[in-house]
Amino acid sequence: MANHGNPLQKYFRQPKIYISLPSKGLFYSEGSLQGDYNNMPVFGMTGMDEIIFKTPDALLNGESTVKVLESCCPYIKEGDKVPSIDIDALLVAIRIATYGEVLDVSHTCAECSHENDYEISLSKILEYFNNQTYDGKIIIDDLTLVLRPLNYKEVTEFNIENFKLQKMLFQLNQSSMSEEEGGEEKIKSIQANIYKTISEIQVKLFISSIESIRVGNELVEDVEYISEWLQNSERGFFQEIKKKLEKNKEIWDIPKQHIKCNNCEHETDIAVTLDPSNFFGKK
């Protein structure tokens, strides 16, 4: 019998929308993105994708997001290498492709306690990202620093490390160790070590974010040289890098949505979060 292919093939999912990556295809490692960044097809999620987003361990370590990115965005070959500035736009696009461009949210008014329901346009959020351009240049004295957005794997690893340390601090504050002989000193010692580790993680994050430093006609890209400089530089350099990273984070977060209470007409701004465990809940 001649093989004419799977007769069910015409029922396979098709791209629902096409988007332009906010990164303009920059910051991807070789082979991790294949295709036109300006015309990327995005498919809706499969039933398996939805199951992955409900798996606690996969959510915690970021594996669920990686798998769904690769499933729904065929041009992305390595989901963990996606630059952080593309992640939110891609997740919004997948949400649109799966459930439509309207996100239903509820909010309790702080003035009158009325429960309000709103419809958020996800297409407008995509439009916001498309109008942004990543700015990673910092000029300090005669140094020109070029920063890069971390990729999804790097962001996830930093977040997990920080979460574990913050959890340790919380558990330490809740423990009864202080009631033991010498307990308070032990707590202070442990806290000091945790805070030291948190500081080291932040420095590591800064180092990972620096792509190059130009001084005069010389371009420094060696990570060891950059690390040595950052750990021995004046406080002002550290503060300028921190300020730039915080500004970029603010720009590349989903913009807050302006709403008005249907009962008392109080106006406020609310954040739209992309926690996969609820953002991709059934509409």
# chains A, B, ... in the order shown; residues from 1 in each chain; ligands from 1
>>> closest_atom_pairs(of="range 88-156 of chain A", to="range 50-71 of chain A", cutoff="10 Å", atoms="only C-alpha atoms", output="JSON lines")
{"residue": "A:Leu90", "atom": "CA", "partner": "A:Leu69", "partner_atom": "CA", "distance": 7.6}
{"residue": "A:Leu91", "atom": "CA", "partner": "A:Leu69", "partner_atom": "CA", "distance": 7.8}
{"residue": "A:Ile94", "atom": "CA", "partner": "A:Leu69", "partner_atom": "CA", "distance": 8.2}
{"residue": "A:Tyr152", "atom": "CA", "partner": "A:Gly62", "partner_atom": "CA", "distance": 8.3}
{"residue": "A:Lys153", "atom": "CA", "partner": "A:Gly62", "partner_atom": "CA", "distance": 7.7}
{"residue": "A:Val155", "atom": "CA", "partner": "A:Gly62", "partner_atom": "CA", "distance": 9.6}
{"residue": "A:Thr156", "atom": "CA", "partner": "A:Gly62", "partner_atom": "CA", "distance": 6.4}
>>> residues_around(residues="Ile125 in chain A", least_positions_apart="5", cutoff="12 Å", atoms="only C-alpha atoms", output="PDB file with C-alpha atoms, in the first residue's frame")
ATOM      1  CA  PRO A  22      12.125  42.617  20.647  1.00  0.00           C
ATOM      2  CA  ASP A  88       7.891  38.016  28.213  1.00  0.00           C
ATOM      3  CA  ALA A  89       7.003  38.878  24.618  1.00  0.00           C
ATOM      4  CA  LEU A  90       7.213  35.213  23.614  1.00  0.00           C
ATOM      5  CA  LEU A  91       5.090  34.060  26.552  1.00  0.00           C
ATOM      6  CA  VAL A  92       2.483  36.711  25.748  1.00  0.00           C
ATOM      7  CA  ALA A  93       2.494  35.587  22.101  1.00  0.00           C
ATOM      8  CA  ARG A  95      -0.846  32.985  25.421  1.00  0.00           C
ATOM      9  CA  ILE A  96      -2.481  34.825  22.498  1.00  0.00           C
ATOM     10  CA  GLU A 101      -5.552  38.258  22.750  1.00  0.00           C
ATOM     11  CA  VAL A 102      -7.672  39.142  25.785  1.00  0.00           C
ATOM     12  CA  LEU A 103      -6.519  38.346  29.333  1.00  0.00           C
ATOM     13  CA  ILE A 120      -6.310  43.301  29.260  1.00  0.00           C
ATOM     14  CA  ASN A 130       8.254  45.936  19.794  1.00  0.00           C
ATOM     15  CA  ASN A 131       8.743  49.669  20.398  1.00  0.00           C
ATOM     16  CA  GLN A 132      11.642  49.123  22.813  1.00  0.00           C
ATOM     17  CA  TRP A 252      11.615  45.336  29.857  1.00  0.00           C
ATOM     18  CA  ASP A 253       9.016  44.374  32.445  1.00  0.00           C
ATOM     19  CA  ILE A 254       5.417  44.202  31.258  1.00  0.00           C
ATOM     20  CA  PRO A 255       4.033  47.740  31.700  1.00  0.00           C
ATOM     21  CA  LYS A 256       1.449  48.219  34.421  1.00  0.00           C
ATOM     22  CA  GLN A 257      -2.125  48.527  33.230  1.00  0.00           C
ATOM     23  CA  ALA A 271       0.860  44.660  37.350  1.00  0.00           C
ATOM     24  CA  VAL A 272       0.340  41.785  34.925  1.00  0.00           C
TER      25      VAL A 272
END
>>> select_by_dssp(residues="range 52-191 of chain A", states="helix (DSSP H, G or I)", output="mmCIF file with N, CA and C atoms, in the first residue's frame")
data_model
loop_
_atom_site.group_PDB
_atom_site.id
_atom_site.type_symbol
_atom_site.label_atom_id
_atom_site.label_comp_id
_atom_site.auth_asym_id
_atom_site.auth_seq_id
_atom_site.Cartn_x
_atom_site.Cartn_y
_atom_site.Cartn_z
ATOM 1 N N ILE A 52 2.883 20.271 31.227
ATOM 2 C CA ILE A 52 4.229 20.666 31.661
ATOM 3 C C ILE A 52 4.163 21.898 32.557
ATOM 4 N N PRO A 56 5.201 21.068 39.142
ATOM 5 C CA PRO A 56 5.909 21.964 40.068
ATOM 6 C C PRO A 56 7.430 22.003 39.883
ATOM 7 N N ASP A 57 8.067 20.839 39.783
ATOM 8 C CA ASP A 57 9.529 20.813 39.664
ATOM 9 C C ASP A 57 9.993 21.490 38.378
ATOM 10 N N ALA A 58 9.278 21.221 37.282
ATOM 11 C CA ALA A 58 9.644 21.824 36.003
ATOM 12 C C ALA A 58 9.428 23.328 36.017
ATOM 13 N N LEU A 59 8.424 23.789 36.758
ATOM 14 C CA LEU A 59 8.193 25.227 36.889
ATOM 15 C C LEU A 59 9.311 25.894 37.677
ATOM 16 N N LEU A 60 9.721 25.231 38.751
ATOM 17 C CA LEU A 60 10.733 25.812 39.634
ATOM 18 C C LEU A 60 12.073 25.976 38.939
ATOM 19 N N GLU A 63 12.425 24.520 33.472
ATOM 20 C CA GLU A 63 12.403 23.561 32.370
ATOM 21 C C GLU A 63 11.081 23.619 31.609
ATOM 22 N N SER A 64 9.985 23.879 32.317
ATOM 23 C CA SER A 64 8.681 23.932 31.649
ATOM 24 C C SER A 64 8.640 25.064 30.621
ATOM 25 N N THR A 65 9.154 26.230 30.995
ATOM 26 C CA THR A 65 9.163 27.361 30.072
ATOM 27 C C THR A 65 10.032 27.068 28.862
ATOM 28 N N VAL A 66 11.181 26.450 29.089
ATOM 29 C CA VAL A 66 12.092 26.096 27.991
ATOM 30 C C VAL A 66 11.396 25.166 26.996
ATOM 31 N N LYS A 67 10.750 24.119 27.514
ATOM 32 C CA LYS A 67 10.090 23.138 26.646
ATOM 33 C C LYS A 67 8.946 23.763 25.847
ATOM 34 N N VAL A 68 8.167 24.622 26.501
ATOM 35 C CA VAL A 68 7.029 25.238 25.819
ATOM 36 C C VAL A 68 7.503 26.252 24.776
ATOM 37 N N LEU A 69 8.570 26.991 25.063
ATOM 38 C CA LEU A 69 9.131 27.914 24.072
ATOM 39 C C LEU A 69 9.547 27.155 22.821
ATOM 40 N N GLU A 70 10.220 26.025 23.010
ATOM 41 C CA GLU A 70 10.684 25.239 21.873
ATOM 42 C C GLU A 70 9.526 24.580 21.126
ATOM 43 N N SER A 71 8.467 24.238 21.860
ATOM 44 C CA SER A 71 7.299 23.602 21.253
ATOM 45 C C SER A 71 6.484 24.581 20.418
ATOM 46 N N CYS A 72 6.295 25.780 20.940
ATOM 47 C CA CYS A 72 5.396 26.739 20.295
ATOM 48 C C CYS A 72 6.100 27.715 19.355
ATOM 49 N N GLY A 79 15.639 26.823 24.047
ATOM 50 C CA GLY A 79 14.847 27.759 24.827
ATOM 51 C C GLY A 79 15.577 28.393 25.985
ATOM 52 N N ASP A 80 16.559 27.681 26.549
ATOM 53 C CA ASP A 80 17.289 28.238 27.692
ATOM 54 C C ASP A 80 18.263 29.337 27.275
ATOM 55 N N LYS A 81 18.502 29.484 25.968
ATOM 56 C CA LYS A 81 19.431 30.510 25.480
ATOM 57 C C LYS A 81 18.707 31.783 25.026
ATOM 58 N N SER A 84 16.696 37.377 27.930
ATOM 59 C CA SER A 84 15.616 37.712 28.863
ATOM 60 C C SER A 84 14.661 38.749 28.295
ATOM 61 N N ILE A 85 15.143 39.636 27.406
ATOM 62 C CA ILE A 85 14.276 40.684 26.870
ATOM 63 C C ILE A 85 13.258 40.139 25.873
ATOM 64 N N ASP A 86 13.412 38.879 25.455
ATOM 65 C CA ASP A 86 12.436 38.267 24.547
ATOM 66 C C ASP A 86 11.434 37.377 25.275
ATOM 67 N N ILE A 87 11.746 36.978 26.492
ATOM 68 C CA ILE A 87 10.944 35.974 27.193
ATOM 69 C C ILE A 87 9.491 36.409 27.371
ATOM 70 N N ASP A 88 9.264 37.583 27.939
ATOM 71 C CA ASP A 88 7.891 38.016 28.213
ATOM 72 C C ASP A 88 7.082 38.156 26.925
ATOM 73 N N ALA A 89 7.708 38.715 25.886
ATOM 74 C CA ALA A 89 7.003 38.878 24.618
ATOM 75 C C ALA A 89 6.615 37.518 24.035
ATOM 76 N N LEU A 90 7.502 36.546 24.137
ATOM 77 C CA LEU A 90 7.213 35.213 23.614
ATOM 78 C C LEU A 90 6.101 34.533 24.405
ATOM 79 N N LEU A 91 6.136 34.670 25.727
ATOM 80 C CA LEU A 91 5.090 34.060 26.552
ATOM 81 C C LEU A 91 3.730 34.704 26.277
ATOM 82 N N VAL A 92 3.734 36.019 26.086
ATOM 83 C CA VAL A 92 2.483 36.711 25.748
ATOM 84 C C VAL A 92 1.965 36.211 24.395
ATOM 85 N N ALA A 93 2.882 36.059 23.434
ATOM 86 C CA ALA A 93 2.494 35.587 22.101
ATOM 87 C C ALA A 93 1.910 34.173 22.161
ATOM 88 N N ILE A 94 2.530 33.309 22.978
ATOM 89 C CA ILE A 94 2.026 31.937 23.134
ATOM 90 C C ILE A 94 0.649 31.964 23.788
ATOM 91 N N ARG A 95 0.461 32.848 24.753
ATOM 92 C CA ARG A 95 -0.846 32.985 25.421
ATOM 93 C C ARG A 95 -1.913 33.423 24.415
ATOM 94 N N ILE A 96 -1.549 34.367 23.527
ATOM 95 C CA ILE A 96 -2.481 34.825 22.498
ATOM 96 C C ILE A 96 -2.808 33.682 21.537
ATOM 97 N N ALA A 97 -1.776 32.958 21.107
ATOM 98 C CA ALA A 97 -1.965 31.868 20.147
ATOM 99 C C ALA A 97 -2.822 30.752 20.731
ATOM 100 N N THR A 98 -2.796 30.597 22.057
ATOM 101 C CA THR A 98 -3.525 29.505 22.699
ATOM 102 C C THR A 98 -4.943 29.898 23.097
ATOM 103 N N TYR A 99 -5.097 31.070 23.693
ATOM 104 C CA TYR A 99 -6.390 31.463 24.263
ATOM 105 C C TYR A 99 -7.004 32.725 23.665
ATOM 106 N N LEU A 122 -3.555 41.847 25.266
ATOM 107 C CA LEU A 122 -2.197 41.323 25.175
ATOM 108 C C LEU A 122 -1.494 41.816 23.910
ATOM 109 N N SER A 123 -2.259 42.138 22.880
ATOM 110 C CA SER A 123 -1.666 42.665 21.645
ATOM 111 C C SER A 123 -0.975 44.003 21.907
ATOM 112 N N LYS A 124 -1.570 44.816 22.792
ATOM 113 C CA LYS A 124 -0.949 46.100 23.124
ATOM 114 C C LYS A 124 0.349 45.905 23.898
ATOM 115 N N ILE A 125 0.395 44.839 24.698
ATOM 116 C CA ILE A 125 1.639 44.537 25.422
ATOM 117 C C ILE A 125 2.731 44.130 24.438
ATOM 118 N N LEU A 126 2.373 43.317 23.439
ATOM 119 C CA LEU A 126 3.346 42.953 22.402
ATOM 120 C C LEU A 126 3.835 44.193 21.658
ATOM 121 N N GLU A 127 2.918 45.093 21.369
ATOM 122 C CA GLU A 127 3.269 46.338 20.678
ATOM 123 C C GLU A 127 4.248 47.162 21.509
ATOM 124 N N TYR A 128 4.038 47.167 22.832
ATOM 125 C CA TYR A 128 4.951 47.893 23.720
ATOM 126 C C TYR A 128 6.366 47.349 23.581
ATOM 127 N N PHE A 129 6.527 46.013 23.635
ATOM 128 C CA PHE A 129 7.856 45.412 23.538
ATOM 129 C C PHE A 129 8.507 45.703 22.185
ATOM 130 N N ASN A 130 7.706 45.689 21.135
ATOM 131 C CA ASN A 130 8.254 45.936 19.794
ATOM 132 C C ASN A 130 8.771 47.358 19.627
ATOM 133 N N TYR A 152 17.755 33.105 29.430
ATOM 134 C CA TYR A 152 16.773 32.553 30.368
ATOM 135 C C TYR A 152 17.419 31.621 31.392
ATOM 136 N N LYS A 153 18.378 30.825 30.953
ATOM 137 C CA LYS A 153 19.052 29.896 31.874
ATOM 138 C C LYS A 153 19.784 30.656 32.969
ATOM 139 N N GLU A 154 20.506 31.715 32.597
ATOM 140 C CA GLU A 154 21.257 32.501 33.574
ATOM 141 C C GLU A 154 20.322 33.163 34.577
ATOM 142 N N VAL A 155 19.244 33.762 34.079
ATOM 143 C CA VAL A 155 18.281 34.427 34.963
ATOM 144 C C VAL A 155 17.677 33.425 35.943
ATOM 145 N N THR A 156 17.303 32.254 35.431
ATOM 146 C CA THR A 156 16.691 31.226 36.274
ATOM 147 C C THR A 156 17.648 30.760 37.354
ATOM 148 N N GLU A 157 18.897 30.524 36.984
ATOM 149 C CA GLU A 157 19.894 30.058 37.958
ATOM 150 C C GLU A 157 20.123 31.090 39.057
ATOM 151 N N PHE A 158 20.221 32.360 38.669
ATOM 152 C CA PHE A 158 20.406 33.418 39.665
ATOM 153 C C PHE A 158 19.191 33.509 40.587
ATOM 154 N N ASN A 159 18.004 33.419 40.002
ATOM 155 C CA ASN A 159 16.775 33.501 40.800
ATOM 156 C C ASN A 159 16.661 32.339 41.785
ATOM 157 N N ILE A 160 17.037 31.141 41.346
ATOM 158 C CA ILE A 160 16.967 29.969 42.223
ATOM 159 C C ILE A 160 17.945 30.113 43.378
ATOM 160 N N GLU A 161 19.166 30.553 43.073
ATOM 161 C CA GLU A 161 20.162 30.742 44.135
ATOM 162 C C GLU A 161 19.680 31.770 45.149
ATOM 163 N N ASN A 162 19.158 32.884 44.651
ATOM 164 C CA ASN A 162 18.687 33.941 45.539
ATOM 165 C C ASN A 162 17.494 33.480 46.363
ATOM 166 N N PHE A 163 16.586 32.720 45.734
ATOM 167 C CA PHE A 163 15.411 32.197 46.438
ATOM 168 C C PHE A 163 15.819 31.289 47.593
ATOM 169 N N LYS A 164 16.788 30.414 47.344
ATOM 170 C CA LYS A 164 17.250 29.493 48.384
ATOM 171 C C LYS A 164 17.840 30.253 49.574
ATOM 172 N N LEU A 165 18.614 31.292 49.274
ATOM 173 C CA LEU A 165 19.244 32.070 50.342
ATOM 174 C C LEU A 165 18.206 32.865 51.136
ATOM 175 N N GLN A 166 17.245 33.453 50.426
ATOM 176 C CA GLN A 166 16.186 34.192 51.115
ATOM 177 C C GLN A 166 15.358 33.258 51.989
ATOM 178 N N LYS A 167 15.132 32.042 51.515
ATOM 179 C CA LYS A 167 14.395 31.047 52.284
ATOM 180 C C LYS A 167 15.173 30.658 53.540
ATOM 181 N N MET A 168 16.491 30.543 53.418
ATOM 182 C CA MET A 168 17.333 30.226 54.574
ATOM 183 C C MET A 168 17.243 31.322 55.624
ATOM 184 N N LEU A 169 17.247 32.586 55.156
ATOM 185 C CA LEU A 169 17.131 33.716 56.093
ATOM 186 C C LEU A 169 15.796 33.674 56.815
ATOM 187 N N PHE A 170 14.731 33.386 56.071
ATOM 188 C CA PHE A 170 13.401 33.317 56.676
ATOM 189 C C PHE A 170 13.333 32.210 57.722
ATOM 190 N N GLN A 171 13.845 31.031 57.375
ATOM 191 C CA GLN A 171 13.816 29.902 58.304
ATOM 192 C C GLN A 171 14.669 30.184 59.538
ATOM 193 N N LEU A 172 15.762 30.904 59.321
ATOM 194 C CA LEU A 172 16.634 31.259 60.436
ATOM 195 C C LEU A 172 15.913 32.183 61.408
ATOM 196 N N ASN A 173 15.156 33.143 60.844
ATOM 197 C CA ASN A 173 14.417 34.077 61.693
ATOM 198 C C ASN A 173 13.279 33.399 62.448
ATOM 199 N N GLN A 174 12.792 32.282 61.902
ATOM 200 C CA GLN A 174 11.687 31.568 62.528
ATOM 201 C C GLN A 174 12.162 30.479 63.494
ATOM 202 N N MET A 177 16.671 28.810 67.614
ATOM 203 C CA MET A 177 18.088 28.724 67.942
ATOM 204 C C MET A 177 18.523 29.808 68.919
ATOM 205 N N SER A 178 17.882 30.988 68.807
ATOM 206 C CA SER A 178 18.286 32.114 69.657
ATOM 207 C C SER A 178 18.043 31.835 71.132
ATOM 208 N N GLU A 179 17.162 30.872 71.414
ATOM 209 C CA GLU A 179 16.855 30.537 72.803
ATOM 210 C C GLU A 179 17.915 29.633 73.421
ATOM 211 N N GLY A 183 23.076 30.966 71.095
ATOM 212 C CA GLY A 183 22.268 30.890 69.882
ATOM 213 C C GLY A 183 22.269 32.165 69.063
ATOM 214 N N GLU A 184 22.198 33.306 69.749
ATOM 215 C CA GLU A 184 22.149 34.578 69.027
ATOM 216 C C GLU A 184 23.415 34.812 68.221
ATOM 217 N N GLU A 185 24.555 34.433 68.794
ATOM 218 C CA GLU A 185 25.826 34.596 68.082
ATOM 219 C C GLU A 185 25.889 33.681 66.868
ATOM 220 N N LYS A 186 25.354 32.467 67.027
ATOM 221 C CA LYS A 186 25.329 31.529 65.896
ATOM 222 C C LYS A 186 24.471 32.080 64.764
ATOM 223 N N ILE A 187 23.310 32.647 65.137
ATOM 224 C CA ILE A 187 22.408 33.212 64.133
ATOM 225 C C ILE A 187 23.088 34.358 63.383
ATOM 226 N N LYS A 188 23.746 35.243 64.124
ATOM 227 C CA LYS A 188 24.431 36.379 63.494
ATOM 228 C C LYS A 188 25.516 35.912 62.539
ATOM 229 N N SER A 189 26.233 34.862 62.937
ATOM 230 C CA SER A 189 27.300 34.328 62.097
ATOM 231 C C SER A 189 26.739 33.732 60.808
ATOM 232 N N ILE A 190 25.650 32.971 60.940
ATOM 233 C CA ILE A 190 25.020 32.357 59.759
ATOM 234 C C ILE A 190 24.446 33.440 58.843
ATOM 235 N N GLN A 191 23.790 34.445 59.461
ATOM 236 C CA GLN A 191 23.223 35.533 58.661
ATOM 237 C C GLN A 191 24.308 36.273 57.887
#
>>> closest_residue(among="A:Asn232, A:Asn39, A:Ser29, A:Gln9", to="Asn151 in chain A", atoms="only C-alpha atoms")
A:Ser29
>>> atom_distance(atom1="CA of Lys137 in chain A", atom2="CA of Gly216 in chain A")
15.5 Å
>>> closest_residue(among="A:Ile17, A:Ile207, A:Leu245, A:Ile270", to="Gln231 in chain A", atoms="only C-alpha atoms")
A:Ile207
>>> select_by_dssp(residues="range 102-180 of chain A", states="strand (DSSP E or B)", output="PyMOL selection string")
chain A and resi 102-108+115-121+137-140+143-147+151
>>> atom_distance(atom1="CA of Lys244 in chain A", atom2="CA of Tyr28 in chain A")
21.1 Å
>>> atom_distance(atom1="CA of Val223 in chain A", atom2="CA of Glu211 in chain A")
8.5 Å
>>> closest_residue(among="A:Asp222, A:Ser233, A:Glu119, A:Asp142", to="His258 in chain A", atoms="only C-alpha atoms")
A:Glu119
>>> residues_around(residues="Phe12 in chain A", least_positions_apart="3", cutoff="12 Å", atoms="only C-alpha atoms", output="number ranges by chain")
A: 6-9, 15, 43-46
